[in-house]
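Peer 1: Have a peek at coords.txt (compact mmCIF, C-alpha atoms and all ligand atoms).
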```
# COMPACT_ATOMS: atom_id res chain seq x y z
CA MET D 467 116.99 126.78 97.00
CA ALA D 468 118.89 125.25 94.09
CA PRO D 469 122.57 126.18 93.82
CA ASP D 470 123.57 128.32 90.82
CA SER D 471 125.95 127.12 88.09
CA ILE D 472 129.09 127.63 90.17
CA GLY D 473 127.63 125.97 93.24
CA HIS D 474 126.62 129.03 95.27
CA SER D 475 123.35 128.76 97.13
CA ASN D 476 120.79 131.38 96.15
CA ARG D 477 119.96 131.91 99.79
CA PRO D 478 120.44 135.57 100.68
CA LEU D 479 123.67 136.13 102.57
CA LYS D 480 123.30 136.90 106.25
CA ARG D 481 125.93 138.68 108.26
CA GLY D 482 126.84 138.54 111.92
CA ARG D 483 125.95 135.99 114.52
CA LYS D 484 122.94 133.68 114.46
CA PHE D 485 121.24 133.36 117.83
CA LEU D 486 120.12 130.05 119.25
CA ASN D 487 117.29 129.75 121.73
CA THR D 488 116.08 126.24 121.08
CA PRO D 489 115.60 124.00 124.12
CA GLY D 490 118.32 121.77 122.83
CA PRO D 491 120.72 121.98 121.28
CA THR D 492 121.91 125.00 123.22
CA ASN D 493 124.82 127.42 122.89
CA VAL D 494 128.26 125.97 123.56
CA PRO D 495 130.85 128.20 125.29
CA PRO D 496 133.82 129.05 123.03
CA ARG D 497 136.19 127.58 125.65
CA VAL D 498 134.46 124.21 125.16
CA LEU D 499 134.73 124.42 121.37
CA ASN D 500 138.40 125.37 121.74
CA ALA D 501 138.99 122.39 124.02
CA MET D 502 137.60 120.19 121.24
CA HIS D 503 139.90 121.63 118.61
CA ARG D 504 142.62 119.05 119.01
CA ASP D 505 144.12 115.88 117.61
CA THR D 506 142.78 112.39 118.07
CA MET D 507 145.10 110.12 120.00
CA ASP D 508 145.87 106.57 121.00
CA LEU D 509 142.87 104.81 122.51
CA ASN D 510 144.68 104.38 125.81
CA ASP D 511 146.64 107.62 125.90
CA PRO D 512 146.81 108.52 129.60
CA GLU D 513 145.86 112.10 128.75
CA PHE D 514 142.55 110.86 127.39
CA LEU D 515 141.99 108.35 130.20
CA ASP D 516 142.53 111.12 132.77
CA ALA D 517 140.02 113.32 130.97
CA ALA D 518 137.47 110.48 130.93
CA VAL D 519 137.90 109.88 134.67
CA GLU D 520 137.44 113.61 135.30
CA CYS D 521 134.25 113.59 133.22
CA PHE D 522 132.75 110.67 135.13
CA GLU D 523 133.67 112.35 138.44
CA GLY D 524 132.19 115.64 137.23
CA LEU D 525 129.00 113.97 136.03
CA LYS D 526 128.57 112.35 139.46
CA ARG D 527 128.82 115.81 140.98
CA VAL D 528 126.16 117.15 138.64
CA PHE D 529 123.85 114.16 139.16
CA ARG D 530 124.70 114.32 142.87
CA THR D 531 125.26 110.60 143.11
CA GLU D 532 127.81 108.15 144.41
CA GLY D 533 126.39 105.59 141.98
CA GLU D 534 127.68 104.46 138.59
CA VAL D 535 127.63 106.76 135.57
CA PHE D 536 127.57 105.45 131.99
CA SER D 537 128.32 107.51 128.91
CA TYR D 538 127.07 106.61 125.43
CA ILE D 539 127.82 107.96 121.98
CA SER D 540 124.18 108.87 121.48
CA ASN D 541 121.53 111.49 121.96
CA GLY D 542 118.88 111.48 124.69
CA HIS D 543 116.90 108.76 122.92
CA GLY D 544 119.90 106.46 123.24
CA ALA D 545 120.16 107.21 126.96
CA TRP D 546 116.41 106.47 127.29
CA GLU D 547 116.94 103.08 125.67
CA ALA D 548 120.02 102.40 127.79
CA ALA D 549 118.02 102.97 130.97
CA LEU D 550 115.16 100.75 129.84
CA VAL D 551 117.10 97.73 128.55
CA ASN D 552 119.38 97.58 131.58
CA VAL D 553 116.74 97.26 134.29
CA LEU D 554 113.60 95.96 132.52
CA VAL D 555 112.72 92.88 130.49
CA PRO D 556 109.93 92.34 127.94
CA GLY D 557 106.61 91.85 129.70
CA ASP D 558 107.50 94.12 132.64
CA LEU D 559 104.96 96.79 133.56
CA VAL D 560 105.99 100.42 134.05
CA LEU D 561 104.04 103.43 135.28
CA VAL D 562 104.29 106.53 133.08
CA PRO D 563 102.98 109.83 134.47
CA GLU D 564 101.83 111.79 131.39
CA THR D 565 103.65 115.13 131.35
CA GLY D 566 103.63 115.80 127.61
CA HIS D 567 105.24 114.76 124.36
CA PHE D 568 108.42 113.45 125.99
CA SER D 569 106.69 111.13 128.47
CA SER D 570 104.63 109.71 125.57
CA SER D 571 107.67 109.25 123.33
CA TRP D 572 109.58 107.48 126.09
CA ALA D 573 106.55 105.24 126.72
CA ASP D 574 106.37 104.46 122.98
CA MET D 575 110.00 103.41 123.05
CA ALA D 576 109.38 101.18 126.07
CA LYS D 577 106.43 99.58 124.23
CA ALA D 578 108.63 98.90 121.22
CA LEU D 579 111.00 97.09 123.59
CA GLY D 580 108.18 94.82 124.80
CA ILE D 581 107.53 96.67 128.05
CA ARG D 582 103.91 97.19 129.15
CA ILE D 583 102.75 100.70 129.98
CA GLN D 584 100.29 101.97 132.55
CA SER D 585 99.87 105.71 132.17
CA VAL D 586 98.82 108.17 134.82
CA PRO D 587 96.84 110.86 132.99
CA GLY D 588 98.10 114.39 133.48
CA ASP D 589 97.27 117.90 132.42
CA TRP D 590 99.65 119.19 129.75
CA ARG D 591 99.45 122.66 131.27
CA ARG D 592 100.45 121.53 134.76
CA ALA D 593 103.25 119.66 136.51
CA HIS D 594 102.29 116.08 137.33
CA ASP D 595 100.55 115.49 140.66
CA PRO D 596 102.74 113.24 142.87
CA GLU D 597 99.64 112.09 144.79
CA LYS D 598 98.17 110.55 141.63
CA ILE D 599 101.41 108.63 141.06
CA GLY D 600 101.41 107.48 144.70
CA GLN D 601 97.78 106.39 144.38
CA ALA D 602 98.45 104.33 141.24
CA LEU D 603 101.26 102.56 143.12
CA ALA D 604 99.14 102.04 146.24
CA ASP D 605 96.47 100.43 144.05
CA ASP D 606 99.08 98.02 142.68
CA THR D 607 98.90 95.75 145.73
CA GLY D 608 100.57 92.85 143.89
CA HIS D 609 103.62 95.05 143.10
CA GLU D 610 103.44 94.30 139.40
CA ILE D 611 104.78 97.73 138.45
CA LYS D 612 108.55 97.50 138.08
CA ALA D 613 109.42 101.15 137.53
CA VAL D 614 108.09 104.69 137.26
CA LEU D 615 109.32 106.57 134.16
CA LEU D 616 109.24 110.23 135.15
CA VAL D 617 110.24 113.25 133.07
CA GLN D 618 111.46 116.06 135.36
CA THR D 619 111.05 118.83 132.80
CA ASP D 620 108.86 118.07 129.83
CA THR D 621 110.41 120.22 127.16
CA ALA D 622 107.24 120.15 125.05
CA THR D 623 104.93 121.64 127.68
CA GLY D 624 107.48 123.68 129.63
CA THR D 625 106.47 122.22 132.98
CA THR D 626 108.63 120.73 135.74
CA THR D 627 107.41 117.99 138.08
CA ASP D 628 108.64 117.78 141.68
CA VAL D 629 110.84 114.66 141.66
CA LYS D 630 111.41 114.68 145.41
CA ALA D 631 107.66 114.77 146.05
CA VAL D 632 107.15 111.86 143.64
CA ARG D 633 109.68 109.78 145.57
CA GLU D 634 107.97 110.66 148.85
CA ALA D 635 104.61 109.57 147.41
CA MET D 636 106.20 106.29 146.27
CA ASN D 637 107.58 105.77 149.77
CA ARG D 638 104.20 106.44 151.36
CA ALA D 639 102.71 103.80 149.04
CA LYS D 640 105.51 101.46 150.25
CA HIS D 641 106.03 100.38 146.66
CA PRO D 642 109.34 98.82 145.55
CA ALA D 643 109.25 100.16 141.95
CA LEU D 644 112.40 101.81 140.61
CA LEU D 645 112.24 105.54 140.04
CA ILE D 646 113.76 106.33 136.62
CA VAL D 647 113.99 110.04 135.85
CA ASP D 648 114.61 111.81 132.54
CA THR D 649 116.63 114.95 133.36
CA ILE D 650 117.66 115.61 129.76
CA ALA D 651 116.19 119.13 129.79
CA SER D 652 116.73 119.90 133.46
CA LEU D 653 120.19 118.72 134.53
CA GLY D 654 122.45 121.74 134.89
CA THR D 655 119.42 124.03 134.71
CA ILE D 656 117.57 123.36 137.97
CA ASP D 657 118.26 121.48 141.18
CA PHE D 658 118.47 117.69 140.94
CA ARG D 659 119.73 115.40 143.73
CA MET D 660 119.79 111.77 142.68
CA ASP D 661 120.92 110.15 145.93
CA GLU D 662 119.23 112.51 148.37
CA TRP D 663 115.88 112.29 146.57
CA GLY D 664 116.07 108.52 146.08
CA VAL D 665 116.20 108.39 142.29
CA ASP D 666 117.38 104.96 141.11
CA VAL D 667 118.23 105.69 137.48
CA THR D 668 118.83 109.11 135.91
CA VAL D 669 118.91 109.82 132.18
CA ALA D 670 120.64 112.87 130.65
CA ALA D 671 122.26 114.12 127.45
CA SER D 672 125.10 116.50 126.64
CA GLN D 673 123.38 119.21 124.58
CA LYS D 674 120.95 121.02 126.88
CA GLY D 675 122.09 122.24 130.29
CA LEU D 676 125.60 120.80 130.18
CA MET D 677 127.41 123.32 127.95
CA MET D 678 128.17 120.75 125.28
CA VAL D 679 127.47 119.83 121.69
CA PRO D 680 125.00 117.01 120.97
CA GLY D 681 126.35 113.47 120.85
CA LEU D 682 126.69 112.10 124.37
CA GLY D 683 123.98 110.34 126.37
CA PHE D 684 124.39 109.66 130.10
CA VAL D 685 122.75 107.28 132.54
CA ALA D 686 123.42 107.11 136.28
CA ALA D 687 122.42 104.11 138.38
CA ASN D 688 122.38 103.51 142.14
CA ALA D 689 123.01 100.19 143.89
CA LYS D 690 119.34 99.17 143.72
CA ALA D 691 119.36 99.79 139.96
CA ILE D 692 122.55 97.76 139.54
CA GLU D 693 120.84 94.87 141.37
CA ALA D 694 117.83 95.18 139.05
CA HIS D 695 120.26 95.23 136.12
CA LYS D 696 121.82 91.94 137.18
CA ALA D 697 118.38 90.35 137.48
CA ALA D 698 117.13 91.71 134.14
CA VAL D 699 118.34 89.04 131.73
CA ARG D 700 117.62 90.00 128.12
CA GLU D 701 119.38 90.74 124.82
CA ARG D 702 121.46 93.90 124.90
CA ARG D 703 125.03 94.64 123.98
CA TYR D 704 126.04 98.22 123.26
CA TRP D 705 123.93 99.60 126.13
CA ASP D 706 124.95 96.89 128.64
CA TRP D 707 126.20 98.31 131.95
CA THR D 708 128.24 95.28 133.06
CA PRO D 709 131.23 95.53 130.68
CA ARG D 710 131.17 99.31 131.06
CA MET D 711 131.84 99.00 134.79
CA SER D 712 135.34 97.57 134.27
CA GLY D 713 137.26 100.87 134.64
CA PRO D 714 138.14 103.57 132.10
CA GLY D 715 139.20 102.37 128.69
CA TYR D 716 137.92 100.65 125.61
CA ARG D 717 135.18 98.69 127.38
CA THR D 718 133.80 101.69 129.28
CA PHE D 719 132.57 103.00 125.93
CA CYS D 720 131.96 99.58 124.33
CA GLY D 721 134.54 100.43 121.69
CA THR D 722 136.39 103.53 120.58
CA ALA D 723 135.65 106.43 122.89
CA PRO D 724 134.34 109.78 121.63
CA GLN D 725 137.69 111.30 122.59
CA ILE D 726 137.08 114.80 121.37
CA HIS D 727 133.65 114.98 123.00
CA ILE D 728 135.20 113.91 126.29
CA PHE D 729 137.69 116.79 126.15
CA GLY D 730 134.79 119.13 125.45
CA LEU D 731 132.66 117.72 128.24
CA ARG D 732 135.48 118.14 130.73
CA GLU D 733 135.68 121.82 129.83
CA GLY D 734 131.89 122.25 129.93
CA LEU D 735 131.69 120.71 133.39
CA ALA D 736 134.57 122.91 134.55
CA ALA D 737 132.65 125.97 133.33
CA LEU D 738 129.60 124.89 135.33
CA PHE D 739 131.62 124.27 138.50
CA GLU D 740 133.47 127.57 138.17
CA GLU D 741 130.18 129.44 138.01
CA GLY D 742 128.85 127.28 140.87
CA MET D 743 125.71 125.16 140.47
CA GLU D 744 123.61 127.36 142.75
CA ARG D 745 124.45 130.41 140.66
CA VAL D 746 123.77 128.46 137.47
CA PHE D 747 120.26 127.69 138.77
CA GLU D 748 119.76 131.30 139.86
CA ARG D 749 120.79 132.56 136.42
CA HIS D 750 118.18 130.30 134.84
CA ARG D 751 115.55 131.55 137.31
CA VAL D 752 116.18 135.19 136.39
CA LEU D 753 116.33 134.61 132.63
CA ALA D 754 113.15 132.51 132.77
CA GLY D 755 111.43 135.29 134.73
CA ALA D 756 112.50 137.84 132.13
CA THR D 757 111.12 135.64 129.34
CA TRP D 758 107.74 135.31 131.10
CA LYS D 759 107.56 139.08 131.59
CA ALA D 760 108.07 139.60 127.84
CA ILE D 761 105.43 137.03 126.90
CA ASP D 762 102.91 138.45 129.38
CA VAL D 763 103.19 141.81 127.60
CA TRP D 764 102.79 140.27 124.12
CA ALA D 765 99.91 138.14 125.44
CA GLN D 766 97.83 141.26 126.11
CA GLY D 767 97.14 141.23 122.36
CA GLY D 768 95.05 138.11 122.92
CA ALA D 769 96.89 135.76 120.53
CA LEU D 770 99.66 134.27 122.66
CA GLU D 771 99.80 132.64 126.07
CA ILE D 772 102.32 130.82 128.27
CA ASN D 773 101.30 127.15 128.32
CA ALA D 774 102.18 126.37 131.96
CA THR D 775 99.41 128.01 133.96
CA VAL D 776 101.02 127.84 137.41
CA PRO D 777 104.23 129.90 137.56
CA ALA D 778 105.79 127.70 140.27
CA GLU D 779 105.47 124.68 137.96
CA ARG D 780 107.13 126.32 134.97
CA SER D 781 110.41 125.07 133.58
CA LEU D 782 113.31 127.48 134.11
CA GLY D 783 114.91 126.20 130.91
CA VAL D 784 112.18 126.45 128.29
CA THR D 785 108.91 128.32 127.90
CA THR D 786 106.15 126.99 125.67
CA ILE D 787 103.94 129.67 124.11
CA ARG D 788 100.52 128.69 122.82
CA CYS D 789 99.14 130.45 119.76
CA ALA D 790 95.48 131.29 119.24
CA GLU D 791 93.47 129.55 116.52
CA GLY D 792 94.66 130.58 113.06
CA ILE D 793 98.18 131.56 114.14
CA SER D 794 100.90 129.16 113.09
CA GLY D 795 103.61 128.49 115.65
CA ASP D 796 105.65 126.86 112.88
CA ARG D 797 105.52 130.01 110.76
CA ILE D 798 106.65 132.11 113.73
CA ARG D 799 109.49 129.68 114.31
CA GLU D 800 110.59 129.67 110.65
CA VAL D 801 110.49 133.44 110.21
CA CYS D 802 112.27 133.95 113.53
CA ARG D 803 115.05 131.56 112.50
CA ASP D 804 115.43 132.40 108.79
CA GLU D 805 114.53 136.07 108.70
CA MET D 806 115.23 137.35 112.23
CA LEU D 807 118.21 135.00 112.85
CA ALA D 808 117.13 133.63 116.22
CA GLY D 809 116.33 129.93 116.50
CA VAL D 810 113.38 129.02 118.72
CA GLY D 811 111.70 125.63 119.14
CA GLY D 812 108.46 124.48 117.52
CA GLY D 813 105.36 122.96 119.10
CA LEU D 814 105.53 119.21 119.75
CA GLY D 815 102.91 116.49 120.06
CA VAL D 816 99.41 117.94 120.52
CA PHE D 817 101.03 121.39 120.24
CA GLY D 818 102.38 120.65 116.74
CA GLY D 819 102.00 123.88 114.71
CA LYS D 820 100.05 125.53 117.55
CA ALA D 821 102.90 126.67 119.77
CA PHE D 822 106.51 127.73 119.77
CA ARG D 823 109.11 127.44 122.49
CA ILE D 824 111.80 129.80 123.73
CA GLY D 825 114.79 128.03 125.25
CA HIS D 826 116.66 129.90 127.97
CA MET D 827 118.93 127.09 129.13
CA GLY D 828 122.62 126.34 128.78
CA ASP D 829 125.32 128.91 128.07
CA MET D 830 122.88 131.84 128.07
CA ASN D 831 123.15 135.36 129.40
CA ALA D 832 120.81 138.33 129.44
CA PRO D 833 121.91 140.00 126.16
CA MET D 834 121.64 136.66 124.33
CA LEU D 835 118.09 136.38 125.68
CA TYR D 836 117.26 139.98 124.69
CA ALA D 837 118.42 139.20 121.16
CA CYS D 838 116.02 136.29 120.97
CA LEU D 839 113.11 138.18 122.53
CA GLY D 840 113.78 141.10 120.17
CA SER D 841 113.73 138.73 117.19
CA VAL D 842 110.49 137.14 118.38
CA GLU D 843 108.92 140.57 118.81
CA ALA D 844 110.12 141.53 115.31
CA THR D 845 108.58 138.32 114.00
CA LEU D 846 105.24 139.10 115.64
CA ASN D 847 105.33 142.49 113.94
CA TYR D 848 106.37 141.05 110.59
CA LEU D 849 103.60 138.42 110.62
CA ASP D 850 100.97 140.80 112.04
CA VAL D 851 100.38 138.54 115.03
CA PRO D 852 98.23 140.56 117.45
CA HIS D 853 100.40 141.51 120.43
CA VAL D 854 101.20 144.44 122.67
CA ALA D 855 104.66 145.86 122.01
CA GLY D 856 107.20 146.24 124.79
CA GLY D 857 107.96 142.64 125.72
CA VAL D 858 111.69 143.19 125.38
CA THR D 859 111.55 146.25 127.62
CA ALA D 860 109.71 144.23 130.28
CA ALA D 861 112.45 141.57 130.12
CA VAL D 862 115.19 144.20 130.38
CA GLN D 863 113.45 145.75 133.40
CA HIS D 864 113.15 142.36 135.09
CA VAL D 865 116.90 141.75 134.85
CA ALA D 866 117.74 145.32 135.90
CA GLU D 867 115.44 145.03 138.91
CA TYR D 868 117.12 141.78 139.92
CA LYS D 869 120.57 143.35 139.70
CA LYS D 870 119.45 146.37 141.73
CA THR D 871 118.33 144.14 144.57
CA HIS D 872 120.93 141.35 144.35
CA GLY D 873 124.06 143.18 143.24
CA SER D 874 126.35 142.32 140.38
CA THR D 875 125.91 138.93 138.74
CA THR D 876 127.69 136.89 136.07
CA PHE D 877 124.81 137.36 133.63
C1 LIG T 1 115.50 116.70 124.28
C2 LIG T 1 114.77 115.74 125.14
C3 LIG T 1 114.75 114.36 124.87
C4 LIG T 1 115.34 113.79 123.61
O1 LIG T 1 116.70 114.00 123.50
P1 LIG T 1 117.41 113.79 122.08
O2 LIG T 1 118.84 114.13 122.37
O3 LIG T 1 116.77 114.70 121.10
O4 LIG T 1 117.24 112.35 121.70
C5 LIG T 1 114.14 113.54 125.77
N1 LIG T 1 113.57 114.01 126.89
C6 LIG T 1 113.55 115.32 127.17
C7 LIG T 1 112.89 115.79 128.42
C8 LIG T 1 114.15 116.22 126.31
O5 LIG T 1 114.11 117.53 126.57
```
How does this structure look as C-alpha cells?
Ligand SMILES: *Cc1c(COP(=O)(O)O)cnc(C)c1O
Peer 2:
Amino acid sequence: MAPDSIGHSNRPLKRGRKFLNTPGPTNVPPRVLNAMHRDTMDLNDPEFLDAAVECFEGLKRVFRTEGEVFSYISNGHGAWEAALVNVLVPGDLVLVPETGHFSSSWADMAKALGIRIQSVPGDWRRAHDPEKIGQALADDTGHEIKAVLLVQTDTATGTTTDVKAVREAMNRAKHPALLIVDTIASLGTIDFRMDEWGVDVTVAASQKGLMMVPGLGFVAANAKAIEAHKAAVRERRYWDWTPRMSGPGYRTFCGTAPQIHIFGLREGLAALFEEGMERVFERHRVLAGATWKAIDVWAQGGALEINATVPAERSLGVTTIRCAEGISGDRIREVCRDEMLAGVGGGLGVFGGKAFRIGHMGDMNAPMLYACLGSVEATLNYLDVPHVAGGVTAAVQHVAEYKKTHGSTTF
C-alpha cells in the first residue's frame, strides 16, 4: 500500500508477536540475537579468531566429521555452488536422484556450470529408492559418473531419503563416485553422520536447523573430496577450498569475515549442544507428529492431504500439504501470514500454488507450533476451505500423550 503524506504505511497495525513456521528461515533464539548485538572489531582480533575456531569445531560436531569445513558468506545456493566447483569440472557427469524441487534446482545450477546431468526419476510423494541409485551406478560400467548429488530432505516435497542406505547401494555397485549430500533442511533436525555413513561432501546453511539467521553457507569435505578438489582444475576463486585451508583468518573467509554472524553461530551451536543433539532430534519427531495429527483431522474435509504418503519417509522438519483442485495454497499462505500472523511456506516447483508447507524445524517448541496450527485452522475457516475442525486439539493431545509416557521434556 502507498504511504500517506507523512510517510506512514496504510497497512493496518498489528500488535504482538508474528509467528514464523516457514521451512527456512526459522526462528532464532533470543540468546543468539543478543550474541550478535555487539561491535565489529579488528580483522585479526583474537576474540574473533577464537570464536571462528569454535564455530568450525562445532560445525564438525554437527556434521559428525573429522574432515574440513568451509564457511561462506552466502545462502544455501552459494554452498551448492561451492560444492560443485570444488570437485567437478565442466563436462563431468553427475547422477541426480529426483526428490523434488530442490534436486532439480541443484541440477539446473550444475548444468549452468557445464556439468552434465543424469537423473534418476523419483516419486515426489516418496523418499528416493536407494536401489534405483545403486542400479544406475552399476549400469555405469565405465565409471563415467563422477558424483551423486543427493538431497537428504527435499523441503518442497517434505520427504527424507535414507543417506546411509544410498551409500550402501553405491558400495554394492562398487562405484567410485563421490557422494555429495545437501543437508540444508535436515542438519540439526534429524540424524546425519558424514564420516560414519561415508558422505564425501556435505552442504548446509545457517538458517534452518542451526538456530541462526540467514547468511552463512557451509560445506564439509572428507579426504577423498579434497583429493578430487586438487584434481579438479577449473576457474574458481571465492569458493576455492585451497586458500581457505590455511588456518583461521582473512584467507579462511576469502576476505573480511562475517564477524557478527560468527558470534551468533557460536551461540546457536552452543544452544544445540546444551539441549543435546539426540533430544533436538526427538523434539522434532514429536512436533512433526503433532503437525501430522492436526492435518489428518483437517484432511477429513476432503480438501487437504499430507504430500508424503509413507509416514516413515516424512521430513521431521517440514510438512507439505497438498490442496484439492480449486483451492489455492498461495492464498492460504498469504492469509495465514498477513491476516493470521503466522508465516508458512508456499508450494514449490510442480506444487506451485497447489500446496503450502508448515515448517516445524529450528528453535521451535510446542506452543509456537500450536500458534501456527491455530492460525492455519483459522485461515481454513476464513477462506471456507472444507476441513474438519479440531486439528489443533489433536496436536495438543499428541504432545500431552508423549509427555505422559516420556516424562518432562524441554518442549
Ligand atoms: C532451503 C534449501 C535450499 C536453498 O537454500 P537457500 O539458503 O534458500 O539458498 C537448498 N536445498 C534445500 C534442501 C533447502 O531446504
Peer 1: Please find the residues contacting ligand LIG 1 (chain T) at a distance of at most 7 Å between atoms, with all atoms listed in the file counted, and report them as JSON, numbers by chain.
Peer 2: {"D": [490, 541, 542, 543, 544, 568, 617, 619, 620, 621, 648, 649, 650, 651, 671, 680]}
Peer 1: Which polymer residues have any atom within 12 Å of an atom of D:Gly792, counting only C-alpha atoms, with same-chain residues fewer than 3 positions away left out, as an NGL selection string?
Peer 2: :D and (769-770 or 788-789 or 795-797 or 819-821 or 851-852)
Peer 1: Find the residues near D:Ile824: any atom within 8 Å, counting all atoms listed in the file, skip ones fewer than 2 places away on the same chain, and give them as a list in words.
Peer 2: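 In the requested format, the answer is Asn487, Thr488, Pro489, Val784, Thr785, Thr786, Ile787, Val810, Gly811, Phe822 and His826 of chain D.
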Peer 1: Name the residues in contact with D:Leu559 at a cut-off of 12 Å, using only C-alpha atoms, excluding same-chain residues fewer than 3 positions from it; report them as a list in words.
Peer 2: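 Here the qualifying residues turn out to be Leu550, Val553, Leu554, Val555, Pro556, Val562, Ala573, Ala576, Lys577, Leu579, Gly580, Ile581, Arg582, Ile583, Gln584, Ser585, Leu603, Asp606, Gly608, His609, Glu610, Ile611, Lys612, Ala613, Val614, Leu615, Ala643 and Leu644 of chain D.
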Peer 1: Could you check the closest approach to D:Arg702 for each of D:Arg504, D:Ala549, D:Ile761, D:Gly533 and tell me which residue wins, using only C-alpha atoms?
Peer 2: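 When distances to D:Arg702 are compared using only C-alpha atoms, the smallest one comes from D:Ala549.
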Peer 1: May I have the residues within 9 Å of D:Pro709 as a list in words, using all atoms listed in the file and disregarding those fewer than 6 positions away in the same chain?
Peer 2: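 Counting only the stated atoms, we get Arg717, Thr718, Phe719 and Cys720 of chain D.
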Peer 1: Counting all atoms listed in the file, which residues in stretch 780-844 of chain D sit no more than 12 Å from stretch 735-747 of chain D? For each one, give the nearest pair of atoms and the distance in Å, sorted by chain then residue number, as a tab-separated table.
Peer 2:
```
residue	atom	partner	partner_atom	distance
D:Ser781	CA	D:Phe747	CA	11.4
D:Leu782	CA	D:Phe747	CA	8.4
D:Gly783	CA	D:Phe747	CA	9.6
D:His826	CA	D:Phe747	CA	11.6
D:Met827	CA	D:Val746	CA	9.7
D:Gly828	CA	D:Val746	CA	9.0
D:Asp829	CA	D:Leu738	CA	9.3
D:Met830	CA	D:Val746	CA	10.0
D:Asn831	CA	D:Val746	CA	10.6
```
Peer 1: Select, from D:Val679, D:Val667, D:Met660, D:Met575, the residue with the minimum atom-to-atom distance to D:Glu693, counting all atoms listed in the file.
Peer 2: D:Val667
Peer 1: Rounded to one decimal place, report the atom CA of D:Gly734-atom CA of D:Lys630 distance in Å.
Peer 2: 26.8 Å
Peer 1: In terms of the shortest atom-to-atom distance over only C-alpha atoms, which of D:Asp516, D:Asp511, D:Glu748, D:Asp558 is closest to D:Thr655?
Peer 2: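 Smallest distance to D:Thr655 is found for D:Glu748.
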Peer 1: From the options D:Lys640, D:Lys526, D:His750, D:Arg497, which residue's atoms come nearest to D:Met677, counting all atoms listed in the file?
Peer 2: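 Counting all atoms listed in the file, the residue closest to D:Met677 is D:Arg497.
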Peer 1: Residues near D:Gly767, anyone? I mean within 12 Å using all atoms listed in the file, not counting same-chain ones fewer than 5 positions away, as a PyMOL selection string.
Peer 2: chain D and resi 761-762+789-790+846-847+850-857
Peer 1: Using all atoms listed in the file, can you tell me which of D:Met806, D:Ala697, D:His864, D:Gly815 comes closest to D:Arg481?
Peer 2: D:Met806
Peer 1: Would you compute the distance between atom CA of D:Gly768 and atom CA of D:Leu839? Give it in Å to one decimal.
Peer 2: 18.1 Å
Peer 1: With distances taken over only C-alpha atoms, which of D:Gly524, D:Gly715, D:Gly654, D:Gly813 is nearest to D:Glu800?
Peer 2: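 That would be D:Gly813, the residue with the smallest distance to D:Glu800.
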Peer 1: Find the distance between atom CA of D:Val535 and atom CA of D:Ala670 and write it in Å to one decimal.
Peer 2: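 If I compute the distance from atom CA of D:Val535 to atom CA of D:Ala670, I get 10.5 Å.
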Peer 1: With 12 Å as the threshold, what does the neighbourhood of (136.1, 104.1, 134.1) contain in terms of residues, counting all atoms listed in the file? Coordinates are those of the file; answer as a ChimeraX atom specification.
Peer 2: /D:510,514-523,534-537,707-720,723
Peer 1: Since we have the selection now, will you write its residues out, keeping C-alpha atoms, as an mmCIF file, in the frame of the given file?
Peer 2:
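The resulting file, part29.cif, is reproduced below:
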```
data_model
loop_
_atom_site.group_PDB
_atom_site.id
_atom_site.type_symbol
_atom_site.label_atom_id
_atom_site.label_comp_id
_atom_site.auth_asym_id
_atom_site.auth_seq_id
_atom_site.Cartn_x
_atom_site.Cartn_y
_atom_site.Cartn_z
ATOM 1 C CA ASN D 510 144.680 104.380 125.810
ATOM 2 C CA PHE D 514 142.550 110.860 127.390
ATOM 3 C CA LEU D 515 141.990 108.350 130.200
ATOM 4 C CA ASP D 516 142.530 111.120 132.770
ATOM 5 C CA ALA D 517 140.020 113.320 130.970
ATOM 6 C CA ALA D 518 137.470 110.480 130.930
ATOM 7 C CA VAL D 519 137.900 109.880 134.670
ATOM 8 C CA GLU D 520 137.440 113.610 135.300
ATOM 9 C CA CYS D 521 134.250 113.590 133.220
ATOM 10 C CA PHE D 522 132.750 110.670 135.130
ATOM 11 C CA GLU D 523 133.670 112.350 138.440
ATOM 12 C CA GLU D 534 127.680 104.460 138.590
ATOM 13 C CA VAL D 535 127.630 106.760 135.570
ATOM 14 C CA PHE D 536 127.570 105.450 131.990
ATOM 15 C CA SER D 537 128.320 107.510 128.910
ATOM 16 C CA TRP D 707 126.200 98.310 131.950
ATOM 17 C CA THR D 708 128.240 95.280 133.060
ATOM 18 C CA PRO D 709 131.230 95.530 130.680
ATOM 19 C CA ARG D 710 131.170 99.310 131.060
ATOM 20 C CA MET D 711 131.840 99.000 134.790
ATOM 21 C CA SER D 712 135.340 97.570 134.270
ATOM 22 C CA GLY D 713 137.260 100.870 134.640
ATOM 23 C CA PRO D 714 138.140 103.570 132.100
ATOM 24 C CA GLY D 715 139.200 102.370 128.690
ATOM 25 C CA TYR D 716 137.920 100.650 125.610
ATOM 26 C CA ARG D 717 135.180 98.690 127.380
ATOM 27 C CA THR D 718 133.800 101.690 129.280
ATOM 28 C CA PHE D 719 132.570 103.000 125.930
ATOM 29 C CA CYS D 720 131.960 99.580 124.330
ATOM 30 C CA ALA D 723 135.650 106.430 122.890
#
```
Peer 1: Around all listed atoms of stretch 705-714 of chain D, padded 6 Å per side, what centre and edge lengths does the axis-aligned box have in Å to one decimal, as lines of an AutoDock Vina configuration file?
Peer 2:
```
center_x = 131.0
center_y = 99.4
center_z = 130.5
size_x = 26.2
size_y = 20.3
size_z = 20.7
```
Peer 1: Generate N, CA and C atoms for stretch 822-826 of chain D and emit them as a PDB file, in the frame of the given file.
Peer 2:
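File out04.pdb, as written:
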```
ATOM      1  N   PHE D 822     105.066 127.681 119.981  1.00  0.00           N
ATOM      2  CA  PHE D 822     106.510 127.730 119.770  1.00  0.00           C
ATOM      3  C   PHE D 822     107.163 127.821 121.144  1.00  0.00           C
ATOM      4  N   ARG D 823     108.454 127.549 121.186  1.00  0.00           N
ATOM      5  CA  ARG D 823     109.110 127.440 122.490  1.00  0.00           C
ATOM      6  C   ARG D 823     110.391 128.272 122.501  1.00  0.00           C
ATOM      7  N   ILE D 824     110.568 129.028 123.559  1.00  0.00           N
ATOM      8  CA  ILE D 824     111.800 129.800 123.730  1.00  0.00           C
ATOM      9  C   ILE D 824     112.662 129.062 124.757  1.00  0.00           C
ATOM     10  N   GLY D 825     113.850 128.675 124.335  1.00  0.00           N
ATOM     11  CA  GLY D 825     114.790 128.030 125.250  1.00  0.00           C
ATOM     12  C   GLY D 825     115.624 129.103 125.930  1.00  0.00           C
ATOM     13  N   HIS D 826     115.789 128.966 127.256  1.00  0.00           N
ATOM     14  CA  HIS D 826     116.660 129.900 127.970  1.00  0.00           C
ATOM     15  C   HIS D 826     117.573 129.097 128.881  1.00  0.00           C
TER      16      HIS D 826
END
```
